[in-house]
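Taking it in order: structure first as structure tokens, then the write-up.
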Amino acid sequence: MLILALDFGGTKLAAAVVKKGDRHFQSYQRTLSPPKANSSTDIQIMRSLALELLNGEKPAAIGVSFGGPVDFKTGTVRLSHHVDGWENTPLKQILENEFQAPASVDNDANVAALGEHRYGAGINYESLCYITVSTGVGGGWILNSKPWRGSGGMAGEIGHTVVDPSGPLCLCGKRGCVERLASGPYMAQEARTRLQIDLNCGHILRRICQYQPENITGLLINQAAENGDKIAIEILKKAGWALGVGIGNAANLINPQRFILGGGVTKAGPHFWETVQQVARQIALPEVEFEIVSAALGDEAPLWGAVAMAEDLLNKSSE
Ligand SMILES: [Zn+2]
């Protein structure tokens with residue numbers, strides 16, 4: 001039996017075919033979403049990727065990770081913050097009609113949490129919080145070994161928990177959210193501002209971005225920090241602090257066994273990681289135990305979570 005796993009990211013589209021029970025992709029394809037993508041072009045590209053991978057065979061079930069809020073029960077995409085035209089798209093229905101197989105659709109943080117739980121850093125843990133820190137900060141919960149989506153599907157928004165009410169303004173309209181301090185683009189913005197204000201600081205960072213502050217990314221800030229740049233180190237530590245406060249508070253509220261961190265920013269070095277660990281430990285009560293670890297599946301966590309959702313569909317139908 002073949003499983004089709006699809007990952008609609010903000011900027012990339014990935015698809016894989018897996019034999020039920022296997023722990024490797026039978027075939028895999030990824031491509032960048034075109035610059036002026038909308039929901040129809042994304043669906044069209046994904047359709048041709050899938051048909052190519054399936055090579056004339058029919059999938060028994062389809063699992064889908066989507067980069068934006070999804071109504072899990074109906075499999076309807078609410079919207080995408082990155083790609084136009086996704087408002088209220090019945091993605092589950094579209095895929096079921098196209099491939100004549102049952103489909104399950106959920107948002108990427110929930111799906112990645114399930115992927116890590118089933119096949120990655122969360123195997124044998126019945127409670128965990130997966131947090132992705134990249135262009136945004138998203139989260140997904142597994143509680144009692146099942147995804148916990150919240151009553152309206154909005155659980156896991158650790159990115160917009162407030163850690164500094166008088167801090168800088170976030171795109172959500174509030175101040176001092178974890179995402180405002182720890183996401184890659186906001187860290188880059190902070191670095192640019194700092195370089196502009198004081199022309200005598202950040203020499204290493206300036207050199208690493210080749211004196212083009214508009215080229216600064218989270219990755220370059222990390223490189224500069226590893227080379228001892230003070231501004232870069234401060235920004236990374238601030239990001240680690242914000243995430244640590246968010247995690248410490250979440251630990252106090254829910255008491256999960258593990259926090260699993262994925263996404264580009266978490267590839268940063270010790271300035272980031274040590275701060276996250278220390279601050280989370282300081283914020284949580286001494287009796288609240290938890291571990292903070294790296295994701296094991298990396299960028300493939302959403303696809304493996306999609307495989308898990310499809311396997312669940314098949315197991316349900318054979319019960
Ligand atoms: Zn926010």
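Chain labels follow the order of the structure tokens: the first chain is A, the next B, and so on; residue numbering restarts at 1 in every chain, and ligands are counted from 1 in their shown order.
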
Contacts to ligand 1 at 9 Å cut-off (only C-alpha atoms and all ligand atoms) as a PyMOL selection string | chain A and resi 159-162+169-180

Write the residues you've just listed into a file as a compact mmCIF listing (two decimals), in the first residue's frame, and include all heavy atoms for each of them.
# COMPACT_ATOMS: atom_id res chain seq x y z
N GLY A 159 4.66 31.12 19.62
CA GLY A 159 5.30 32.28 18.98
C GLY A 159 4.67 33.59 19.38
O GLY A 159 5.33 34.63 19.39
N HIS A 160 3.39 33.56 19.68
CA HIS A 160 2.71 34.81 20.05
C HIS A 160 2.32 34.82 21.52
O HIS A 160 1.37 35.50 21.92
CB HIS A 160 1.54 35.08 19.11
CG HIS A 160 2.04 35.24 17.70
ND1 HIS A 160 2.67 36.38 17.26
CD2 HIS A 160 2.12 34.35 16.68
CE1 HIS A 160 3.07 36.21 16.01
NE2 HIS A 160 2.75 34.98 15.64
N THR A 161 3.06 34.08 22.34
CA THR A 161 2.97 34.32 23.77
C THR A 161 3.89 35.51 24.06
O THR A 161 4.95 35.66 23.46
CB THR A 161 3.40 33.09 24.60
OG1 THR A 161 4.69 32.68 24.18
CG2 THR A 161 2.44 31.93 24.42
N VAL A 162 3.44 36.37 24.96
CA VAL A 162 4.15 37.62 25.22
C VAL A 162 5.17 37.39 26.34
O VAL A 162 4.84 36.91 27.41
CB VAL A 162 3.15 38.72 25.61
CG1 VAL A 162 3.88 39.98 26.04
CG2 VAL A 162 2.21 39.00 24.44
N LEU A 169 6.95 45.95 18.70
CA LEU A 169 5.66 45.57 18.12
C LEU A 169 5.82 44.37 17.18
O LEU A 169 6.69 44.35 16.31
CB LEU A 169 5.11 46.77 17.34
CG LEU A 169 3.66 46.73 16.91
CD1 LEU A 169 2.73 46.68 18.13
CD2 LEU A 169 3.33 47.97 16.06
N CYS A 170 4.93 43.38 17.35
CA CYS A 170 4.95 42.17 16.52
C CYS A 170 3.92 42.32 15.39
O CYS A 170 2.99 43.12 15.50
CB CYS A 170 4.60 40.98 17.40
SG CYS A 170 4.51 39.40 16.56
N LEU A 171 4.06 41.52 14.33
CA LEU A 171 3.11 41.61 13.21
C LEU A 171 1.69 41.27 13.63
O LEU A 171 0.72 41.65 12.97
CB LEU A 171 3.55 40.73 12.03
CG LEU A 171 3.71 39.22 12.23
CD1 LEU A 171 2.38 38.51 12.08
CD2 LEU A 171 4.71 38.66 11.25
N CYS A 172 1.54 40.56 14.77
CA CYS A 172 0.19 40.20 15.23
C CYS A 172 -0.47 41.37 15.95
O CYS A 172 -1.64 41.29 16.33
CB CYS A 172 0.25 39.00 16.16
SG CYS A 172 0.91 39.37 17.78
N GLY A 173 0.27 42.47 16.18
CA GLY A 173 -0.32 43.65 16.81
C GLY A 173 0.03 43.79 18.28
O GLY A 173 -0.24 44.82 18.89
N LYS A 174 0.61 42.72 18.86
CA LYS A 174 0.98 42.80 20.27
C LYS A 174 2.47 43.12 20.39
O LYS A 174 3.19 43.15 19.40
CB LYS A 174 0.68 41.47 20.97
CG LYS A 174 -0.80 41.21 21.10
CD LYS A 174 -1.06 39.88 21.78
CE LYS A 174 -0.70 38.73 20.89
NZ LYS A 174 0.00 37.66 21.50
N ARG A 175 2.92 43.35 21.62
CA ARG A 175 4.32 43.68 21.84
C ARG A 175 5.07 42.55 22.54
O ARG A 175 4.52 41.90 23.42
CB ARG A 175 4.43 44.95 22.71
CG ARG A 175 4.01 46.19 21.98
CD ARG A 175 4.26 47.46 22.78
NE ARG A 175 3.93 48.61 21.94
CZ ARG A 175 4.76 49.13 21.05
NH1 ARG A 175 5.99 48.65 20.91
NH2 ARG A 175 4.38 50.14 20.29
N GLY A 176 6.33 42.38 22.12
CA GLY A 176 7.23 41.48 22.85
C GLY A 176 6.86 40.01 22.78
O GLY A 176 7.09 39.26 23.72
N CYS A 177 6.28 39.57 21.64
CA CYS A 177 6.01 38.13 21.47
C CYS A 177 7.33 37.38 21.28
O CYS A 177 8.33 37.95 20.83
CB CYS A 177 5.20 37.89 20.20
SG CYS A 177 3.59 38.66 20.19
N VAL A 178 7.31 36.07 21.55
CA VAL A 178 8.48 35.23 21.31
C VAL A 178 8.92 35.38 19.85
O VAL A 178 10.11 35.57 19.56
CB VAL A 178 8.16 33.75 21.63
CG1 VAL A 178 9.29 32.84 21.16
CG2 VAL A 178 7.93 33.56 23.12
N GLU A 179 7.96 35.33 18.92
CA GLU A 179 8.31 35.42 17.50
C GLU A 179 8.98 36.74 17.16
O GLU A 179 9.90 36.79 16.33
CB GLU A 179 7.05 35.23 16.64
CG GLU A 179 7.30 35.40 15.15
CD GLU A 179 6.16 34.91 14.29
OE1 GLU A 179 5.68 33.78 14.51
OE2 GLU A 179 5.74 35.66 13.40
N ARG A 180 8.54 37.82 17.81
CA ARG A 180 9.10 39.15 17.52
C ARG A 180 10.57 39.22 17.92
O ARG A 180 11.33 40.03 17.39
CB ARG A 180 8.28 40.22 18.26
CG ARG A 180 8.79 41.63 18.10
CD ARG A 180 8.79 42.05 16.64
NE ARG A 180 9.40 43.37 16.45
CZ ARG A 180 10.71 43.60 16.39
NH1 ARG A 180 11.56 42.60 16.52
NH2 ARG A 180 11.17 44.82 16.21

Within 7 Å of Ile158 in chain A, counting only C-alpha atoms, which residues show up once you throw out same-chain ones fewer than 3 positions away? Write them as a PyMOL selection string, please.
-> chain A and resi 138-139+161+246

Of the residues A:Asp106, A:Gly21, A:Pro286, A:Glu274, which is the one nearest to Tyr119 in chain A, using only C-alpha atoms?
-> A:Gly21

Residue list (strand (DSSP E or B), DSSP) for range 205-318 of chain A, as number ranges by chain | A: 258-262, 291-294

Taking a cut-off of 12 Å and counting only C-alpha atoms, can you build a table that, for each residue of range 146-169 of chain A near range 56-71 of chain A, reports the nearest atom pair and how far apart they are in Å (one decimal), sorted by chain then residue number, as a Markdown table?
| residue | atom | partner | partner_atom | distance |
| --- | --- | --- | --- | --- |
| A:Arg149 | CA | A:Asp71 | CA | 9.9 |
| A:Gly150 | CA | A:Asp71 | CA | 11.2 |
| A:Ser151 | CA | A:Asp71 | CA | 10.9 |
| A:Gly152 | CA | A:Asp71 | CA | 8.2 |
| A:Gly153 | CA | A:Asp71 | CA | 6.7 |
| A:Met154 | CA | A:Pro69 | CA | 7.9 |
| A:Ala155 | CA | A:Pro69 | CA | 10.7 |
| A:Gly156 | CA | A:Pro69 | CA | 11.4 |
| A:Glu157 | CA | A:Pro69 | CA | 10.8 |

Output file for the selection above: N, CA, C and O atoms, as a PDB file, in the first residue's frame:
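selection_15.pdb, written as the output of this step:
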ATOM      1  N   ARG A 149      -4.979  19.883  19.459  1.00  0.00           N
ATOM      2  CA  ARG A 149      -5.103  21.033  18.565  1.00  0.00           C
ATOM      3  C   ARG A 149      -5.812  22.214  19.214  1.00  0.00           C
ATOM      4  O   ARG A 149      -5.827  23.293  18.653  1.00  0.00           O
ATOM      5  N   GLY A 150      -6.402  21.992  20.373  1.00  0.00           N
ATOM      6  CA  GLY A 150      -7.173  23.060  21.025  1.00  0.00           C
ATOM      7  C   GLY A 150      -8.595  23.059  20.521  1.00  0.00           C
ATOM      8  O   GLY A 150      -8.892  22.468  19.481  1.00  0.00           O
ATOM      9  N   SER A 151      -9.496  23.737  21.237  1.00  0.00           N
ATOM     10  CA  SER A 151     -10.923  23.645  20.879  1.00  0.00           C
ATOM     11  C   SER A 151     -11.173  24.254  19.503  1.00  0.00           C
ATOM     12  O   SER A 151     -12.015  23.781  18.756  1.00  0.00           O
ATOM     13  N   GLY A 152     -10.445  25.290  19.138  1.00  0.00           N
ATOM     14  CA  GLY A 152     -10.651  25.902  17.822  1.00  0.00           C
ATOM     15  C   GLY A 152      -9.477  25.664  16.895  1.00  0.00           C
ATOM     16  O   GLY A 152      -9.328  26.366  15.885  1.00  0.00           O
ATOM     17  N   GLY A 153      -8.628  24.691  17.222  1.00  0.00           N
ATOM     18  CA  GLY A 153      -7.487  24.383  16.353  1.00  0.00           C
ATOM     19  C   GLY A 153      -6.337  25.361  16.485  1.00  0.00           C
ATOM     20  O   GLY A 153      -5.432  25.380  15.658  1.00  0.00           O
ATOM     21  N   MET A 154      -6.344  26.174  17.531  1.00  0.00           N
ATOM     22  CA  MET A 154      -5.329  27.226  17.630  1.00  0.00           C
ATOM     23  C   MET A 154      -4.286  26.956  18.723  1.00  0.00           C
ATOM     24  O   MET A 154      -3.492  27.853  19.066  1.00  0.00           O
ATOM     25  N   ALA A 155      -4.243  25.738  19.246  1.00  0.00           N
ATOM     26  CA  ALA A 155      -3.240  25.443  20.283  1.00  0.00           C
ATOM     27  C   ALA A 155      -1.835  25.525  19.684  1.00  0.00           C
ATOM     28  O   ALA A 155      -1.653  25.377  18.484  1.00  0.00           O
ATOM     29  N   GLY A 156      -0.868  25.759  20.528  1.00  0.00           N
ATOM     30  CA  GLY A 156       0.528  25.717  20.089  1.00  0.00           C
ATOM     31  C   GLY A 156       1.104  27.039  19.638  1.00  0.00           C
ATOM     32  O   GLY A 156       2.242  27.096  19.194  1.00  0.00           O
ATOM     33  N   GLU A 157       0.344  28.129  19.771  1.00  0.00           N
ATOM     34  CA  GLU A 157       0.854  29.428  19.288  1.00  0.00           C
ATOM     35  C   GLU A 157       1.859  30.040  20.265  1.00  0.00           C
ATOM     36  O   GLU A 157       1.725  31.179  20.707  1.00  0.00           O
TER      37      GLU A 157
END

Neighbours of range 214-225 of chain A within 8 Å (only C-alpha atoms; same-chain residues fewer than 6 positions away dropped), as a list in words?
-> Ser183, Gly184, Pro185, Met187, Ala188, Ala191, Arg192, Ile204, Leu205, Ile208, Ile231, Ala232, Ile233, Leu236, Gly264, Val265, Ala268, Gly269 and His271 of chain A

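We find CA of Arg47 in chain A and CA of Ile131 in chain A to be spaced 28.9 Å apart.
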
Distance table requested - range 129-157 of chain A against range 251-260 of chain A, cut-off 8 Å, only C-alpha atoms: one row per qualifying residue with the closest atom pair and its distance in Å to one decimal, ordered by chain and rising residue number, as a tab-separated table.
residue	atom	partner	partner_atom	distance
A:Cys129	CA	A:Phe259	CA	4.8
A:Tyr130	CA	A:Ile260	CA	4.7
A:Ile131	CA	A:Ile260	CA	6.1
A:Leu143	CA	A:Pro256	CA	7.8

Using all heavy atoms, can you export the residues from the last selection as a PDB file, in the first residue's frame?
ATOM      1  N   CYS A 129       6.133  19.093  23.225  1.00  0.00           N
ATOM      2  CA  CYS A 129       5.808  20.288  22.465  1.00  0.00           C
ATOM      3  C   CYS A 129       6.887  20.452  21.410  1.00  0.00           C
ATOM      4  O   CYS A 129       8.076  20.491  21.736  1.00  0.00           O
ATOM      5  CB  CYS A 129       5.786  21.499  23.399  1.00  0.00           C
ATOM      6  SG  CYS A 129       5.388  23.047  22.561  1.00  0.00           S
ATOM      7  N   TYR A 130       6.463  20.480  20.131  1.00  0.00           N
ATOM      8  CA  TYR A 130       7.407  20.723  19.046  1.00  0.00           C
ATOM      9  C   TYR A 130       7.360  22.212  18.723  1.00  0.00           C
ATOM     10  O   TYR A 130       6.281  22.792  18.608  1.00  0.00           O
ATOM     11  CB  TYR A 130       7.005  19.905  17.814  1.00  0.00           C
ATOM     12  CG  TYR A 130       7.813  20.250  16.588  1.00  0.00           C
ATOM     13  CD1 TYR A 130       9.040  19.642  16.345  1.00  0.00           C
ATOM     14  CD2 TYR A 130       7.359  21.194  15.680  1.00  0.00           C
ATOM     15  CE1 TYR A 130       9.792  19.970  15.230  1.00  0.00           C
ATOM     16  CE2 TYR A 130       8.109  21.532  14.555  1.00  0.00           C
ATOM     17  CZ  TYR A 130       9.321  20.908  14.349  1.00  0.00           C
ATOM     18  OH  TYR A 130      10.067  21.245  13.247  1.00  0.00           O
ATOM     19  N   ILE A 131       8.528  22.834  18.627  1.00  0.00           N
ATOM     20  CA  ILE A 131       8.575  24.276  18.313  1.00  0.00           C
ATOM     21  C   ILE A 131       9.485  24.491  17.120  1.00  0.00           C
ATOM     22  O   ILE A 131      10.629  24.021  17.112  1.00  0.00           O
ATOM     23  CB  ILE A 131       9.099  25.096  19.511  1.00  0.00           C
ATOM     24  CG1 ILE A 131       8.263  24.825  20.764  1.00  0.00           C
ATOM     25  CG2 ILE A 131       9.091  26.592  19.189  1.00  0.00           C
ATOM     26  CD1 ILE A 131       8.818  25.470  22.022  1.00  0.00           C
ATOM     27  N   LEU A 143      -0.166  15.281  23.372  1.00  0.00           N
ATOM     28  CA  LEU A 143      -0.493  15.001  24.767  1.00  0.00           C
ATOM     29  C   LEU A 143      -1.186  13.646  24.821  1.00  0.00           C
ATOM     30  O   LEU A 143      -2.057  13.353  23.988  1.00  0.00           O
ATOM     31  CB  LEU A 143      -1.409  16.094  25.342  1.00  0.00           C
ATOM     32  CG  LEU A 143      -0.796  17.516  25.354  1.00  0.00           C
ATOM     33  CD1 LEU A 143      -1.809  18.535  25.867  1.00  0.00           C
ATOM     34  CD2 LEU A 143       0.480  17.566  26.181  1.00  0.00           C
TER      35      LEU A 143
END

May I have all residues of range 173-248 of chain A that DSSP, computed from the backbone, assigns to alpha helix (DSSP H), given as a ChimeraX atom specification?
-> /A:178-182,184-197,203-208,218-226,230-248

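Taking CA of Leu91 in chain A and CA of Val105 in chain A as endpoints, the distance between them is 7.5 Å.
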
Which is closest to Ser39 in chain A among A:Gly9, A:Gly263, A:Gly85, A:Gly202, if we use only C-alpha atoms?
->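 With only C-alpha atoms as the atom set, the closest residue is A:Gly85.
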
Given only C-alpha atoms as the counted atoms, nearest of A:His117, A:Lys92, A:Lys237, A:Lys316 to Ala296 in chain A =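 Selected residue with least distance to Ala296 in chain A: A:His117.
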
For Asp42 in chain A, work out the shell of residues within 12 Å, counting only C-alpha atoms and skipping chain neighbours fewer than 2 positions away, then give it as JSON, numbers by chain.
-> {"A": [6, 7, 8, 9, 10, 11, 12, 13, 14, 31, 32, 33, 34, 35, 36, 37, 38, 39, 40, 44, 45, 46, 47, 48, 49, 66, 80, 82, 83, 84, 85, 86, 91]}
